[in-house]
Amino acid sequence: VKLTAQVKLCPTAEQAEALRKTMETANEAANFVSERAWQTRTFHRFALSSVCYHDVRATFGLAAQMTTQIINVVAGGYRAKREGRHTYRLTSAITYDSRVLSWKEGEVSIWTLDGRQRIPFLCGPRQEAMLARRCSQAKLVTRRGEWFLLIPCEVEVRDRIATSKALGVDLGVVNIAVDSDGEIHSASHLLNVRHRNRRLRGKLQRLGTRSAKRKIKRLSGREARFARDTNHVISKRIVAKAEGTARAIALEDLKGITKRQTVRQSQRATLHSWSFHQLREFIAYKAELAGIPVVVVDPRNTSRTCPECGLIDKKNRRSQESFVCVSCGFAGHADTVAAGVIAGRAVADPPIVAALSG
Ligand SMILES: [Zn+2]
């Protein structure tokens, strides 16, 4: 299916001005082309191009590719509807293709009347994953003074599998993700990088110079990219495992987690929360594409519940690592046990089973 990804551009003031000027000029050109098409009753794009291409280039100073795009858009408009002359607002979306817009890590290189501009962009993890399958065209739009690119992406979505089994995943800090099979998806390397950066940042902050501030910015950018890569790898592995074993993925409902006052919550508070949310979103998005249902379960007492006898007791959790049931003696790695409880809830809860089979 074709879905549209949206990214937010972060231009400097001068770059925003260049975008505005380019957009307005392109729309003036579109009105010029539309007028010419209407006057000469020339609506096919090749014919229209021969009627006005050179005049548009000479009058508006737009790149060849932009000019061709504008003519195509106007011709497309008349193909759809030919009852009157079409007009374009100066802030209408304009179309770019790969010759006037290219993508690099975290930024685009975009053609403007003031020359090519390299502009950083922001987008969510879902959008980012979609961009891997982007089509060559993109639309530049502006809303309330902000700039966005809308990019059609060809995304393959598989039919959702029917299953009554679940792979439980417990997300945390020490172990970023632990699943109910006992696999620990750790990110010790990521934690090391964070730890080292935190000390470095402290030092640089005390220095307080301009170059120190620049270095701090670079550090956090690098750390964010590193965390994102880690989240991509972990989410991919978890979804592949659920897919390979035809299971749903069960996660704790985050709404409940923020209300709880537990050891695990204070542990979560130290986690970069955006990274935590990013991993959840990566898992949800990749699962959706793979047709794997994601089940969200009640998070209450997942770390204190014995999966064998069902006893809920704070004392069941001896430490960060160890779970030993005070009643039946069932023991295991605390995060694995919690992931098992999460998986169990996904299967046991009647509405969730209904959702899975439906
Ligand atoms: Zn027990």
# chains A, B, ... in the order shown; residues from 1 in each chain; ligands from 1
>>> residues_near_ligand(ligand="ligand 1", cutoff="8 Å", atoms="only C-alpha atoms and all ligand atoms", output="ChimeraX atom specification")
/A:305-311,324-330
>>> write_last_selection(atoms="all heavy atoms", output="JSON list (two decimals), in the first residue's frame")
[["chain", "number", "residue", "atom", "x", "y", "z"],
["A", 305, "THR", "N", 4.43, -10.95, 40.42],
["A", 305, "THR", "CA", 3.51, -12.07, 40.31],
["A", 305, "THR", "C", 4.26, -13.35, 39.98],
["A", 305, "THR", "O", 5.11, -13.38, 39.08],
["A", 305, "THR", "CB", 2.47, -11.78, 39.21],
["A", 305, "THR", "OG1", 1.82, -10.56, 39.53],
["A", 305, "THR", "CG2", 1.44, -12.89, 39.11],
["A", 306, "CYS", "N", 3.92, -14.41, 40.69],
["A", 306, "CYS", "CA", 4.51, -15.71, 40.39],
["A", 306, "CYS", "C", 3.75, -16.36, 39.24],
["A", 306, "CYS", "O", 2.54, -16.55, 39.33],
["A", 306, "CYS", "CB", 4.47, -16.62, 41.61],
["A", 306, "CYS", "SG", 5.02, -18.30, 41.23],
["A", 307, "PRO", "N", 4.42, -16.72, 38.16],
["A", 307, "PRO", "CA", 3.72, -17.32, 37.03],
["A", 307, "PRO", "C", 3.27, -18.76, 37.32],
["A", 307, "PRO", "O", 2.38, -19.28, 36.65],
["A", 307, "PRO", "CB", 4.77, -17.30, 35.90],
["A", 307, "PRO", "CG", 6.09, -17.17, 36.57],
["A", 307, "PRO", "CD", 5.86, -16.52, 37.90],
["A", 308, "GLU", "N", 3.86, -19.39, 38.33],
["A", 308, "GLU", "CA", 3.49, -20.76, 38.68],
["A", 308, "GLU", "C", 2.22, -20.81, 39.51],
["A", 308, "GLU", "O", 1.25, -21.47, 39.14],
["A", 308, "GLU", "CB", 4.63, -21.44, 39.47],
["A", 308, "GLU", "CG", 5.70, -22.06, 38.60],
["A", 308, "GLU", "CD", 5.17, -23.12, 37.65],
["A", 308, "GLU", "OE1", 4.54, -24.11, 38.09],
["A", 308, "GLU", "OE2", 5.39, -22.93, 36.43],
["A", 309, "CYS", "N", 2.24, -20.10, 40.67],
["A", 309, "CYS", "CA", 1.11, -20.22, 41.59],
["A", 309, "CYS", "C", 0.24, -18.95, 41.63],
["A", 309, "CYS", "O", -0.81, -18.94, 42.26],
["A", 309, "CYS", "CB", 1.61, -20.56, 43.00],
["A", 309, "CYS", "SG", 2.48, -19.21, 43.79],
["A", 310, "GLY", "N", 0.68, -17.89, 40.98],
["A", 310, "GLY", "CA", -0.14, -16.69, 40.92],
["A", 310, "GLY", "C", -0.02, -15.76, 42.11],
["A", 310, "GLY", "O", -0.69, -14.72, 42.15],
["A", 311, "LEU", "N", 0.83, -16.10, 43.07],
["A", 311, "LEU", "CA", 0.97, -15.25, 44.25],
["A", 311, "LEU", "C", 1.57, -13.90, 43.88],
["A", 311, "LEU", "O", 2.58, -13.82, 43.19],
["A", 311, "LEU", "CB", 1.87, -15.94, 45.30],
["A", 311, "LEU", "CG", 2.17, -15.06, 46.54],
["A", 311, "LEU", "CD1", 0.99, -15.07, 47.51],
["A", 311, "LEU", "CD2", 3.44, -15.50, 47.24],
["A", 324, "VAL", "N", 12.25, -15.06, 43.31],
["A", 324, "VAL", "CA", 12.01, -16.35, 43.98],
["A", 324, "VAL", "C", 10.66, -16.25, 44.67],
["A", 324, "VAL", "O", 10.47, -15.42, 45.57],
["A", 324, "VAL", "CB", 13.11, -16.67, 45.02],
["A", 324, "VAL", "CG1", 12.82, -18.03, 45.67],
["A", 324, "VAL", "CG2", 14.50, -16.68, 44.40],
["A", 325, "CYS", "N", 9.71, -17.10, 44.27],
["A", 325, "CYS", "CA", 8.37, -17.04, 44.86],
["A", 325, "CYS", "C", 8.43, -17.48, 46.32],
["A", 325, "CYS", "O", 8.98, -18.54, 46.64],
["A", 325, "CYS", "CB", 7.41, -17.94, 44.09],
["A", 325, "CYS", "SG", 5.77, -17.97, 44.80],
["A", 326, "VAL", "N", 7.89, -16.65, 47.22],
["A", 326, "VAL", "CA", 7.93, -16.98, 48.65],
["A", 326, "VAL", "C", 6.98, -18.11, 49.00],
["A", 326, "VAL", "O", 7.07, -18.71, 50.07],
["A", 326, "VAL", "CB", 7.63, -15.75, 49.55],
["A", 326, "VAL", "CG1", 8.73, -14.71, 49.43],
["A", 326, "VAL", "CG2", 6.27, -15.15, 49.23],
["A", 327, "SER", "N", 6.04, -18.43, 48.10],
["A", 327, "SER", "CA", 5.09, -19.49, 48.39],
["A", 327, "SER", "C", 5.52, -20.83, 47.77],
["A", 327, "SER", "O", 5.70, -21.82, 48.48],
["A", 327, "SER", "CB", 3.71, -19.09, 47.87],
["A", 327, "SER", "OG", 2.85, -20.20, 47.89],
["A", 328, "CYS", "N", 5.73, -20.87, 46.45],
["A", 328, "CYS", "CA", 6.00, -22.16, 45.81],
["A", 328, "CYS", "C", 7.47, -22.37, 45.47],
["A", 328, "CYS", "O", 7.87, -23.45, 45.04],
["A", 328, "CYS", "CB", 5.15, -22.33, 44.56],
["A", 328, "CYS", "SG", 5.69, -21.33, 43.17],
["A", 329, "GLY", "N", 8.27, -21.32, 45.64],
["A", 329, "GLY", "CA", 9.71, -21.49, 45.40],
["A", 329, "GLY", "C", 10.13, -21.34, 43.96],
["A", 329, "GLY", "O", 11.31, -21.47, 43.64],
["A", 330, "PHE", "N", 9.19, -21.07, 43.05],
["A", 330, "PHE", "CA", 9.54, -20.86, 41.65],
["A", 330, "PHE", "C", 10.58, -19.74, 41.55],
["A", 330, "PHE", "O", 10.42, -18.68, 42.15],
["A", 330, "PHE", "CB", 8.29, -20.50, 40.83],
["A", 330, "PHE", "CG", 8.58, -20.16, 39.39],
["A", 330, "PHE", "CD1", 8.66, -21.16, 38.44],
["A", 330, "PHE", "CD2", 8.81, -18.84, 39.00],
["A", 330, "PHE", "CE1", 8.95, -20.85, 37.13],
["A", 330, "PHE", "CE2", 9.09, -18.53, 37.68],
["A", 330, "PHE", "CZ", 9.15, -19.54, 36.74]]
>>> residues_around(residues="A:Leu190", least_positions_apart="4", cutoff="12 Å", atoms="only C-alpha atoms", output="list in words")
Val173, Val174, Asn175, Ile176, His185, Ser186, Arg194, His195, Arg196, Asn197, Arg222, Glu223, Ala224, Arg225, Phe226, Ala227, Arg228, Asp229, Thr230, Asn231, Leu271, His272 and Ser275 of chain A
>>> closest_residue(among="A:Asn31, A:Thr336, A:Thr302, A:Gln15", to="A:Asp114", atoms="only C-alpha atoms")
A:Gln15
>>> residues_around(residues="stretch 293-298 of chain A", least_positions_apart="6", cutoff="6 Å", atoms="only C-alpha atoms", output="ChimeraX atom specification")
/A:248-253
>>> write_last_selection(atoms="all heavy atoms", output="PDB file, in the first residue's frame")
ATOM      1  N   ALA A 248       1.873 -13.529  18.899  1.00  0.00           N
ATOM      2  CA  ALA A 248       1.665 -12.096  19.060  1.00  0.00           C
ATOM      3  C   ALA A 248       2.771 -11.554  19.960  1.00  0.00           C
ATOM      4  O   ALA A 248       3.493 -12.324  20.591  1.00  0.00           O
ATOM      5  CB  ALA A 248       0.299 -11.834  19.689  1.00  0.00           C
ATOM      6  N   ILE A 249       2.913 -10.243  20.022  1.00  0.00           N
ATOM      7  CA  ILE A 249       3.861  -9.629  20.942  1.00  0.00           C
ATOM      8  C   ILE A 249       3.058  -8.942  22.042  1.00  0.00           C
ATOM      9  O   ILE A 249       2.117  -8.194  21.753  1.00  0.00           O
ATOM     10  CB  ILE A 249       4.757  -8.604  20.221  1.00  0.00           C
ATOM     11  CG1 ILE A 249       5.685  -9.321  19.236  1.00  0.00           C
ATOM     12  CG2 ILE A 249       5.582  -7.792  21.228  1.00  0.00           C
ATOM     13  CD1 ILE A 249       6.472  -8.394  18.329  1.00  0.00           C
ATOM     14  N   ALA A 250       3.415  -9.241  23.306  1.00  0.00           N
ATOM     15  CA  ALA A 250       2.713  -8.618  24.426  1.00  0.00           C
ATOM     16  C   ALA A 250       3.631  -7.620  25.116  1.00  0.00           C
ATOM     17  O   ALA A 250       4.784  -7.917  25.412  1.00  0.00           O
ATOM     18  CB  ALA A 250       2.254  -9.696  25.413  1.00  0.00           C
ATOM     19  N   LEU A 251       3.105  -6.425  25.336  1.00  0.00           N
ATOM     20  CA  LEU A 251       3.849  -5.363  26.029  1.00  0.00           C
ATOM     21  C   LEU A 251       2.972  -4.826  27.162  1.00  0.00           C
ATOM     22  O   LEU A 251       1.757  -4.954  27.127  1.00  0.00           O
ATOM     23  CB  LEU A 251       4.155  -4.206  25.072  1.00  0.00           C
ATOM     24  CG  LEU A 251       5.005  -4.463  23.838  1.00  0.00           C
ATOM     25  CD1 LEU A 251       4.929  -3.267  22.892  1.00  0.00           C
ATOM     26  CD2 LEU A 251       6.448  -4.713  24.243  1.00  0.00           C
ATOM     27  N   GLU A 252       3.623  -4.191  28.132  1.00  0.00           N
ATOM     28  CA  GLU A 252       2.864  -3.563  29.204  1.00  0.00           C
ATOM     29  C   GLU A 252       2.225  -2.273  28.706  1.00  0.00           C
ATOM     30  O   GLU A 252       2.808  -1.543  27.917  1.00  0.00           O
ATOM     31  CB  GLU A 252       3.787  -3.219  30.380  1.00  0.00           C
ATOM     32  CG  GLU A 252       4.225  -4.420  31.174  1.00  0.00           C
ATOM     33  CD  GLU A 252       5.146  -4.009  32.305  1.00  0.00           C
ATOM     34  OE1 GLU A 252       6.208  -3.428  32.013  1.00  0.00           O
ATOM     35  OE2 GLU A 252       4.802  -4.249  33.464  1.00  0.00           O
ATOM     36  N   ASP A 253       1.036  -2.005  29.222  1.00  0.00           N
ATOM     37  CA  ASP A 253       0.363  -0.750  28.921  1.00  0.00           C
ATOM     38  C   ASP A 253       1.101   0.378  29.644  1.00  0.00           C
ATOM     39  O   ASP A 253       1.237   0.354  30.858  1.00  0.00           O
ATOM     40  CB  ASP A 253      -1.087  -0.828  29.422  1.00  0.00           C
ATOM     41  CG  ASP A 253      -1.894   0.371  28.984  1.00  0.00           C
ATOM     42  OD1 ASP A 253      -1.302   1.295  28.396  1.00  0.00           O
ATOM     43  OD2 ASP A 253      -3.106   0.383  29.223  1.00  0.00           O
TER      44      ASP A 253
END
>>> residues_around(residues="A:Arg237", least_positions_apart="4", cutoff="12 Å", atoms="only C-alpha atoms", output="list of chain:residue names")
A:Val169, A:Ala177, A:Val178, A:Asp179, A:Glu183, A:Ile184, A:His185, A:Ser186, A:Thr230, A:Asn231, A:His232, A:Val233, A:Lys241, A:Ala242, A:Glu243, A:Gly244, A:Leu279, A:Phe282, A:Ile283, A:Lys286, A:Ala287
>>> residues_around(residues="A:Glu146", least_positions_apart="6", cutoff="10 Å", atoms="only C-alpha atoms", output="list in words")
Lys8, Leu9, Cys10, Pro11 and Ala16 of chain A
>>> residues_around(residues="A:Phe46", least_positions_apart="6", cutoff="9 Å", atoms="only C-alpha atoms", output="list in words")
Ile71, Asn72 and Ala75 of chain A
>>> residues_around(residues="A:Arg198", least_positions_apart="4", cutoff="10 Å", atoms="only C-alpha atoms", output="list in words")
Asn192, Val193, Arg194, Gly202, Lys203, Leu204, Ile216, Leu219 and Ser220 of chain A
>>> closest_residue(among="A:Gly291, A:Thr67, A:Leu101, A:Lys217", to="A:Gln205", atoms="only C-alpha atoms")
A:Lys217
>>> closest_residue(among="A:Phe32, A:Tyr53, A:Phe276, A:Phe148", to="A:Arg85", atoms="only C-alpha atoms")
A:Phe32
